[in-house]
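Next up, upload-v9.txt (compact mmCIF, C-alpha atoms):
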# COMPACT_ATOMS: atom_id res chain seq x y z
CA THR A 265 8.88 21.14 -86.75
CA THR A 266 11.91 23.09 -85.60
CA GLU A 267 14.68 24.99 -87.36
CA PHE A 268 18.27 25.43 -86.28
CA SER A 269 20.22 28.68 -86.62
CA SER A 270 23.87 29.10 -85.86
CA ARG A 271 25.17 31.49 -83.28
CA SER A 272 28.87 32.07 -82.79
CA VAL A 273 30.18 31.91 -79.24
CA GLY A 274 33.76 32.96 -79.39
CA SER A 275 35.19 30.98 -82.30
CA VAL A 276 32.69 28.10 -82.03
CA SER A 277 29.41 28.06 -83.91
CA VAL A 278 26.60 26.67 -81.70
CA PRO A 279 23.27 25.56 -83.20
CA VAL A 280 20.19 27.11 -81.48
CA LYS A 281 16.68 25.59 -81.62
CA LYS A 282 14.11 28.02 -83.03
CA ASN A 283 10.32 27.74 -82.67
CA LYS A 284 8.62 27.58 -86.07
CA LYS A 285 5.53 29.42 -84.74
CA GLY A 286 7.58 32.49 -83.97
CA PHE A 287 6.71 32.79 -80.25
CA SER A 288 9.58 32.99 -77.84
CA ARG A 289 9.30 32.48 -74.08
CA ALA A 290 9.81 36.20 -73.44
CA SER A 291 6.90 37.23 -75.65
CA TYR A 292 4.66 34.65 -73.94
CA LEU A 293 5.47 36.00 -70.48
CA LYS A 294 4.90 39.54 -71.71
CA SER A 295 1.43 38.71 -73.02
CA LYS A 296 0.61 36.98 -69.73
CA VAL A 297 1.60 40.06 -67.74
CA LYS A 298 -0.55 42.22 -70.02
CA ASN A 299 -3.56 39.94 -69.42
CA LYS A 300 -2.92 40.09 -65.68
CA GLY A 301 -2.81 43.88 -65.82
CA ALA A 302 -6.14 44.06 -67.65
CA CYS A 303 -7.68 41.71 -65.09
CA LEU A 304 -6.28 43.86 -62.28
CA GLN A 305 -7.79 46.98 -63.80
CA PHE A 306 -11.14 45.24 -64.04
CA TRP A 307 -11.12 44.24 -60.37
CA ARG A 308 -10.06 47.73 -59.34
CA ALA A 309 -12.94 49.21 -61.32
CA GLU A 310 -15.31 46.64 -59.79
CA LYS A 311 -14.08 47.54 -56.30
CA ARG A 312 -14.64 51.25 -56.92
CA PHE A 313 -18.11 50.50 -58.26
CA ARG A 314 -18.92 48.40 -55.17
CA PHE A 315 -17.76 51.19 -52.85
CA TRP A 316 -19.94 53.64 -54.79
CA ILE A 317 -22.96 51.32 -54.38
CA ARG A 318 -22.19 50.95 -50.67
CA HIS A 319 -22.07 54.72 -50.28
CA THR A 320 -25.30 55.11 -52.27
CA VAL A 321 -27.36 52.67 -50.16
CA LYS A 322 -26.32 54.62 -47.04
CA THR A 323 -27.32 58.04 -48.36
CA GLN A 324 -30.34 60.00 -47.16
CA TRP A 325 -32.15 59.98 -50.51
CA PHE A 326 -31.96 56.19 -50.72
CA TYR A 327 -33.39 56.02 -47.19
CA TRP A 328 -36.37 58.17 -48.17
CA PHE A 329 -36.79 56.25 -51.42
CA VAL A 330 -37.31 53.02 -49.49
CA ILE A 331 -39.66 54.74 -47.01
CA VAL A 332 -41.78 56.09 -49.88
CA LEU A 333 -41.84 52.62 -51.48
CA VAL A 334 -43.07 51.07 -48.25
CA PHE A 335 -45.72 53.79 -47.92
CA PHE A 336 -47.11 53.30 -51.43
CA ASN A 337 -46.96 49.53 -51.08
CA THR A 338 -49.01 49.82 -47.86
CA VAL A 339 -51.52 52.08 -49.63
CA CYS A 340 -51.90 49.54 -52.46
CA VAL A 341 -52.54 46.75 -49.95
CA ALA A 342 -55.04 48.92 -48.03
CA VAL A 343 -57.16 49.98 -51.04
CA GLU A 344 -57.82 46.36 -52.05
CA HIS A 345 -61.38 45.40 -51.12
CA TYR A 346 -64.19 43.03 -51.93
CA ASP A 347 -66.05 43.53 -55.23
CA GLN A 348 -63.53 46.08 -56.47
CA PRO A 349 -63.51 47.31 -60.09
CA GLN A 350 -61.57 45.32 -62.65
CA PHE A 351 -59.23 48.21 -63.50
CA LEU A 352 -58.22 48.44 -59.82
CA SER A 353 -57.52 44.71 -59.70
CA ASP A 354 -55.35 44.96 -62.82
CA PHE A 355 -53.49 48.00 -61.44
CA LEU A 356 -52.82 46.33 -58.08
CA TYR A 357 -51.67 43.16 -59.82
CA ILE A 358 -49.08 45.08 -61.85
CA ALA A 359 -48.12 47.28 -58.89
CA GLU A 360 -47.37 44.20 -56.78
CA PHE A 361 -44.82 42.98 -59.33
CA VAL A 362 -43.30 46.47 -59.55
CA PHE A 363 -42.92 46.74 -55.76
CA LEU A 364 -41.56 43.21 -55.53
CA GLY A 365 -38.99 43.97 -58.24
CA LEU A 366 -37.89 47.20 -56.52
CA PHE A 367 -37.55 45.53 -53.13
CA MET A 368 -35.60 42.67 -54.71
CA MET A 369 -33.32 45.22 -56.38
CA GLU A 370 -32.76 46.93 -53.02
CA MET A 371 -31.89 43.60 -51.39
CA PHE A 372 -29.47 42.56 -54.14
CA LEU A 373 -27.79 45.98 -54.18
CA LYS A 374 -27.13 45.80 -50.46
CA MET A 375 -26.01 42.19 -50.73
CA TYR A 376 -23.59 43.13 -53.51
CA ALA A 377 -22.28 46.25 -51.77
CA LEU A 378 -21.80 44.69 -48.34
CA GLY A 379 -21.10 41.13 -49.33
CA PRO A 380 -23.30 38.16 -48.34
CA ARG A 381 -21.51 37.56 -45.03
CA ILE A 382 -21.82 41.14 -43.73
CA TYR A 383 -25.34 41.47 -45.17
CA PHE A 384 -26.71 38.46 -43.30
CA GLU A 385 -25.06 39.50 -40.03
CA SER A 386 -27.86 42.05 -39.59
CA ALA A 387 -31.11 40.63 -38.18
CA PHE A 388 -33.15 43.20 -40.15
CA ASN A 389 -31.47 42.14 -43.39
CA ARG A 390 -32.26 38.49 -42.65
CA PHE A 391 -35.87 39.45 -41.90
CA ASP A 392 -36.04 41.44 -45.15
CA CYS A 393 -34.67 38.48 -47.10
CA VAL A 394 -37.26 36.14 -45.56
CA VAL A 395 -40.12 38.52 -46.40
CA ILE A 396 -38.98 38.95 -50.01
CA SER A 397 -38.46 35.20 -50.39
CA GLY A 398 -41.99 34.68 -49.05
CA SER A 399 -43.33 37.18 -51.58
CA ILE A 400 -41.56 35.36 -54.42
CA PHE A 401 -43.01 32.07 -53.19
CA GLU A 402 -46.44 33.73 -53.08
CA VAL A 403 -46.13 34.72 -56.75
CA VAL A 404 -45.13 31.17 -57.72
CA TRP A 405 -47.87 29.65 -55.57
CA SER A 406 -50.54 31.97 -57.00
CA ALA A 407 -49.54 30.93 -60.51
CA LEU A 408 -49.91 27.24 -59.60
CA LYS A 409 -52.89 27.23 -57.20
CA SER A 410 -54.83 30.44 -57.57
CA GLY A 411 -57.74 31.05 -55.19
CA SER A 412 -56.72 28.49 -52.55
CA PHE A 413 -56.67 29.12 -48.81
CA GLY A 414 -52.90 28.89 -48.80
CA PHE A 415 -52.76 31.70 -51.34
CA SER A 416 -54.82 34.02 -49.13
CA VAL A 417 -52.54 33.24 -46.17
CA LEU A 418 -49.41 33.88 -48.24
CA ARG A 419 -50.79 37.24 -49.37
CA ALA A 420 -50.56 38.36 -45.74
CA LEU A 421 -46.76 38.04 -45.99
CA ARG A 422 -46.58 41.26 -47.99
CA LEU A 423 -47.91 43.11 -44.92
CA LEU A 424 -44.62 42.30 -43.20
CA ARG A 425 -42.91 44.71 -45.61
CA ILE A 426 -44.26 47.53 -43.43
CA PHE A 427 -41.69 46.48 -40.82
CA LYS A 428 -38.97 47.67 -43.21
CA VAL A 429 -39.65 51.11 -41.71
CA THR A 430 -38.15 49.92 -38.42
CA LYS A 431 -34.78 49.52 -40.12
CA TYR A 432 -34.63 53.20 -41.09
CA TRP A 433 -36.45 54.67 -38.08
CA SER A 434 -33.82 54.53 -35.33
CA SER A 435 -36.08 55.01 -32.29
CA LEU A 436 -38.59 52.46 -33.53
CA ARG A 437 -35.76 50.06 -34.42
CA ASN A 438 -34.29 50.34 -30.93
CA LEU A 439 -37.70 49.69 -29.39
CA VAL A 440 -38.16 46.55 -31.50
CA ILE A 441 -34.66 45.37 -30.58
CA SER A 442 -35.36 45.92 -26.88
CA LEU A 443 -38.62 43.99 -27.12
CA LEU A 444 -36.92 41.12 -28.91
CA ASN A 445 -34.19 41.02 -26.28
CA SER A 446 -36.83 40.67 -23.56
CA MET A 447 -38.64 37.78 -25.26
CA ARG A 448 -37.26 35.34 -22.69
CA SER A 449 -38.99 37.20 -19.87
CA ILE A 450 -42.17 37.61 -21.89
CA ILE A 451 -42.30 33.90 -22.80
CA SER A 452 -41.82 32.93 -19.13
CA LEU A 453 -44.63 35.30 -18.14
CA LEU A 454 -46.89 33.90 -20.88
CA PHE A 455 -46.29 30.39 -19.62
CA LEU A 456 -47.13 31.48 -16.05
CA LEU A 457 -50.28 33.20 -17.31
CA PHE A 458 -51.30 30.06 -19.21
CA LEU A 459 -50.89 27.96 -16.06
CA PHE A 460 -52.98 30.50 -14.14
CA ILE A 461 -55.77 30.36 -16.74
CA LEU A 462 -55.59 26.56 -16.82
CA ILE A 463 -55.93 26.22 -13.05
CA PHE A 464 -58.87 28.63 -12.80
CA ALA A 465 -60.59 27.03 -15.81
CA LEU A 466 -60.45 23.62 -14.12
CA LEU A 467 -61.56 25.14 -10.82
CA GLY A 468 -64.44 26.91 -12.56
CA MET A 469 -65.56 23.63 -14.14
CA GLN A 470 -65.65 22.04 -10.67
CA LEU A 471 -67.70 24.91 -9.23
CA PHE A 472 -69.95 25.97 -12.12
CA GLY A 473 -69.87 23.06 -14.60
CA GLY A 474 -73.41 22.48 -15.92
CA GLN A 475 -74.81 25.20 -13.63
CA PHE A 476 -75.18 27.97 -16.21
CA ASN A 477 -78.19 26.33 -17.87
CA PHE A 478 -80.87 28.92 -17.07
CA PRO A 479 -84.51 28.91 -18.25
CA GLU A 480 -83.77 31.72 -20.69
CA GLY A 481 -80.89 29.72 -22.12
CA THR A 482 -77.18 29.03 -21.59
CA PRO A 483 -74.96 32.12 -21.92
CA PRO A 484 -71.98 31.84 -24.27
CA THR A 485 -69.61 32.35 -21.33
CA ASN A 486 -69.91 29.24 -19.19
CA PHE A 487 -67.87 26.43 -17.66
CA ASN A 488 -69.61 23.44 -19.22
CA THR A 489 -66.61 22.32 -21.32
CA PHE A 490 -62.88 22.81 -20.93
CA PRO A 491 -62.28 24.92 -24.11
CA ILE A 492 -65.19 27.26 -23.29
CA ALA A 493 -63.99 27.48 -19.68
CA LEU A 494 -60.56 28.61 -20.94
CA LEU A 495 -62.17 31.31 -23.09
CA THR A 496 -64.39 32.41 -20.20
CA VAL A 497 -61.42 32.81 -17.84
CA PHE A 498 -59.51 34.70 -20.54
CA GLN A 499 -62.48 37.04 -21.04
CA ILE A 500 -62.63 37.70 -17.29
CA LEU A 501 -58.91 38.54 -17.28
CA THR A 502 -59.40 41.11 -20.04
CA GLY A 503 -62.17 42.73 -17.97
CA GLU A 504 -64.82 42.30 -20.66
CA ASP A 505 -68.21 41.87 -18.86
CA TRP A 506 -66.54 39.92 -16.05
CA ASN A 507 -69.16 41.17 -13.57
CA GLU A 508 -71.95 39.71 -15.72
CA VAL A 509 -70.22 36.30 -15.64
CA MET A 510 -69.90 36.68 -11.86
CA TYR A 511 -73.62 37.41 -11.45
CA HIS A 512 -74.41 34.37 -13.60
CA GLY A 513 -72.21 32.30 -11.29
CA ILE A 514 -73.96 33.66 -8.17
CA GLN A 515 -77.39 33.06 -9.72
CA SER A 516 -76.48 29.50 -10.66
CA GLN A 517 -75.62 28.65 -7.04
CA LYS A 518 -78.67 30.23 -5.40
CA SER A 519 -80.74 27.99 -3.18
CA PRO A 520 -83.22 28.50 -0.32
CA LYS A 521 -80.37 28.08 2.19
CA ASN A 522 -77.60 29.82 0.22
CA ASN A 523 -77.69 33.09 -1.74
CA GLY A 524 -74.51 32.14 -3.66
CA MET A 525 -72.54 35.26 -2.68
CA ILE A 526 -69.62 33.17 -1.43
CA TYR A 527 -68.92 32.08 -5.03
CA ALA A 528 -68.13 35.67 -5.94
CA LEU A 529 -64.74 35.13 -4.27
CA TYR A 530 -63.72 32.97 -7.26
CA PHE A 531 -64.18 35.86 -9.68
CA ILE A 532 -62.72 38.48 -7.33
CA ILE A 533 -59.53 36.47 -6.77
CA LEU A 534 -59.31 35.78 -10.52
CA VAL A 535 -59.54 39.49 -11.37
CA LEU A 536 -57.20 40.65 -8.59
CA PHE A 537 -54.39 38.19 -9.27
CA GLY A 538 -54.88 37.76 -12.99
CA ASN A 539 -55.84 41.18 -14.28
CA TYR A 540 -54.23 43.52 -11.76
CA THR A 541 -51.08 41.46 -11.17
CA LEU A 542 -50.05 39.18 -14.04
CA LEU A 543 -51.28 41.30 -16.93
CA ASN A 544 -49.74 44.44 -15.46
CA VAL A 545 -46.37 42.71 -15.44
CA PHE A 546 -46.52 43.01 -19.25
CA LEU A 547 -46.80 46.77 -18.83
CA ALA A 548 -43.83 46.76 -16.48
CA ILE A 549 -41.73 44.87 -19.05
CA ALA A 550 -42.88 47.23 -21.81
CA VAL A 551 -42.01 50.35 -19.78
CA ASP A 552 -38.59 48.90 -18.93
CA ASN A 553 -37.93 48.13 -22.58
CA LEU A 554 -39.08 51.62 -23.57
CA ALA A 555 -36.56 53.11 -21.16
CA ASN A 556 -33.81 50.90 -22.60
CA ALA A 557 -34.78 51.90 -26.13
CA GLN A 558 -34.66 55.60 -25.23
CA GLU A 559 -31.21 55.16 -23.68
CA LEU A 560 -30.01 53.33 -26.78
CA THR A 561 -31.39 56.05 -29.07
CA ALA A 562 -29.76 58.77 -26.97
CA ALA A 563 -26.43 56.92 -27.10
CA GLU A 564 -26.66 56.65 -30.89
CA GLU A 565 -27.43 60.37 -31.20
CA GLU A 566 -24.43 61.22 -29.02
CA GLN A 567 -22.22 58.97 -31.13
CA GLU A 568 -23.43 60.67 -34.32
CA GLU A 569 -22.69 64.10 -32.86
CA GLU A 570 -19.19 62.98 -31.87
CA ASP A 571 -18.58 61.62 -35.37
CA LYS A 572 -19.70 64.92 -36.91
CA GLU A 573 -17.40 66.88 -34.59
CA LYS A 574 -14.47 64.65 -35.53
CA GLN A 575 -15.20 65.15 -39.23
CA LEU A 576 -15.32 68.94 -38.77
CA LEU A 577 -12.00 68.89 -36.89
CA GLU A 578 -10.41 66.78 -39.61
CA HIS A 579 -11.57 69.20 -42.32
CA HIS A 580 -10.16 72.19 -40.39

Mind turning the file's structure into structure tokens?
Amino acid sequence: TTEFSSRSVGSVSVPVKKNKKGFSRASYLKSKVKNKGACLQFWRAEKRFRFWIRHTVKTQWFYWFVIVLVFFNTVCVAVEHYDQPQFLSDFLYIAEFVFLGLFMMEMFLKMYALGPRIYFESAFNRFDCVVISGSIFEVVWSALKSGSFGFSVLRALRLLRIFKVTKYWSSLRNLVISLLNSMRSIISLLFLLFLFILIFALLGMQLFGGQFNFPEGTPPTNFNTFPIALLTVFQILTGEDWNEVMYHGIQSQKSPKNNGMIYALYFIILVLFGNYTLLNVFLAIAVDNLANAQELTAAEEEQEEEDKEKQLLEHH
């Protein structure tokens, strides 16, 4: 398999082993370096392409392109109605796949440009990924079990695409972020409100349970059962016809020796502490979050102005 050729070193002839295939070690290394150079050029081109995609997804026209997509997608969801013409159903069916494909393309472009790790660091990107994944699952589910209740619930997931606007609308995005940051306070307040409703529902059942059965019938707002008592207290807190419920309570306790006016204290205390105190705390939290969002938006605008000034100074 090998040949020997003689090479003279000084006055001595030394046999040298020669490869029959004709490839020496030097030529092999040279071809390897060439392959490495081609691979390096490919990765450099891929890196330039990725930077171009990253710059593109941050441009103003791409921003407005996504906003227009969200707008038309919302319009297509809004025009769908009962007993609609067949051509509209066919158009909306095709349009849904078109919008889903475009939103998937937007997600994959950003994921490719930023990288999966940086992409999923953003809460809005994670939310966008969940919504698109839910839409894909809806398409699969509709193909398997069309017309089921689960399908109608999954169709509501596409409405969440409207929240994509918050990612590109800075003031609205800051407001949503501020509200999400205050969820701990809101959840604590909701728990306190639930305890308040629970206590007054049980107290109302002790005072007015079985007493709202009038000759003309039992009104829908009563304290006969615990679930209905909870709904009645909640209705009073919202201020919807709470005085009518109070008059029913006074009428139910009327007797020859008692006109039932003392029972009005139950409803007055419920409205004063529930409606004018607890529910207004929600407004206080909302106003505080609105102030924080405005401060955050102003800080972002100042930062953008500083960046523009720096860029102008660098150009000059």

A:Leu457: which residues within 10 Å, counting only C-alpha atoms, same-chain residues fewer than 3 positions away excluded, as a compact mmCIF listing (two decimals) with C-alpha atoms, in the frame of the given file?
# COMPACT_ATOMS: atom_id res chain seq x y z
CA ILE A 451 -42.30 33.90 -22.80
CA SER A 452 -41.82 32.93 -19.13
CA LEU A 453 -44.63 35.30 -18.14
CA LEU A 454 -46.89 33.90 -20.88
CA PHE A 460 -52.98 30.50 -14.14
CA ILE A 461 -55.77 30.36 -16.74
CA LEU A 462 -55.59 26.56 -16.82
CA ILE A 463 -55.93 26.22 -13.05
CA PHE A 498 -59.51 34.70 -20.54
CA GLY A 538 -54.88 37.76 -12.99
CA LEU A 542 -50.05 39.18 -14.04
CA LEU A 543 -51.28 41.30 -16.93

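Of the listed residues (A:Phe487, A:Phe427, A:Phe537, A:Tyr530), A:Phe427 comes nearest to A:Val395; the distances count all atoms listed in the file.
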
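Every protein or nucleic acid residue with an atom no more than 12 Å from A:Val551, counting only C-alpha atoms and leaving out same-chain residues fewer than 4 positions away, appears here: Leu439, Ser442, Leu443, Ser446, Asn544, Val545, Phe546, Leu547, Ala555, Asn556, Ala557 and Gln558 of chain A.
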
Dump C-alpha atoms for the selected residues as a CSV table (one decimal), in the coordinates of the input?
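Produced file result_17.csv, reproduced below:
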chain,number,residue,atom,x,y,z
A,439,LEU,CA,-37.7,49.7,-29.4
A,442,SER,CA,-35.4,45.9,-26.9
A,443,LEU,CA,-38.6,44.0,-27.1
A,446,SER,CA,-36.8,40.7,-23.6
A,544,ASN,CA,-49.7,44.4,-15.5
A,545,VAL,CA,-46.4,42.7,-15.4
A,546,PHE,CA,-46.5,43.0,-19.2
A,547,LEU,CA,-46.8,46.8,-18.8
A,555,ALA,CA,-36.6,53.1,-21.2
A,556,ASN,CA,-33.8,50.9,-22.6
A,557,ALA,CA,-34.8,51.9,-26.1
A,558,GLN,CA,-34.7,55.6,-25.2

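Checking A:Tyr376, A:Ala387, A:Met469, A:Phe351 one by one against A:Arg318, counting only C-alpha atoms, you find the shortest gap at A:Tyr376.
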
For A:Thr561, please output as a ChimeraX atom specification all residues within 12 Å (counting only C-alpha atoms; exclusion window: fewer than 3 positions along the same chain).
/A:433-442,554-558,564-568

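The list of residues with at least one atom within 12 Å of A:Val330, based on only C-alpha atoms and without residues fewer than 4 positions apart in the same chain, reads Val321, Lys322, Thr323, Gln324, Trp325, Phe326, Val334, Phe335, Phe336, Asn337, Phe363, Leu366, Phe367, Met368, Met369, Glu370, Met371, Arg425, Ile426, Phe427, Lys428, Val429, Thr430, Lys431, Tyr432 and Trp433 of chain A.
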
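Atom pair atom CA of A:Tyr357 / atom CA of A:Cys340 has a distance of 9.7 Å (rounded to one decimal).
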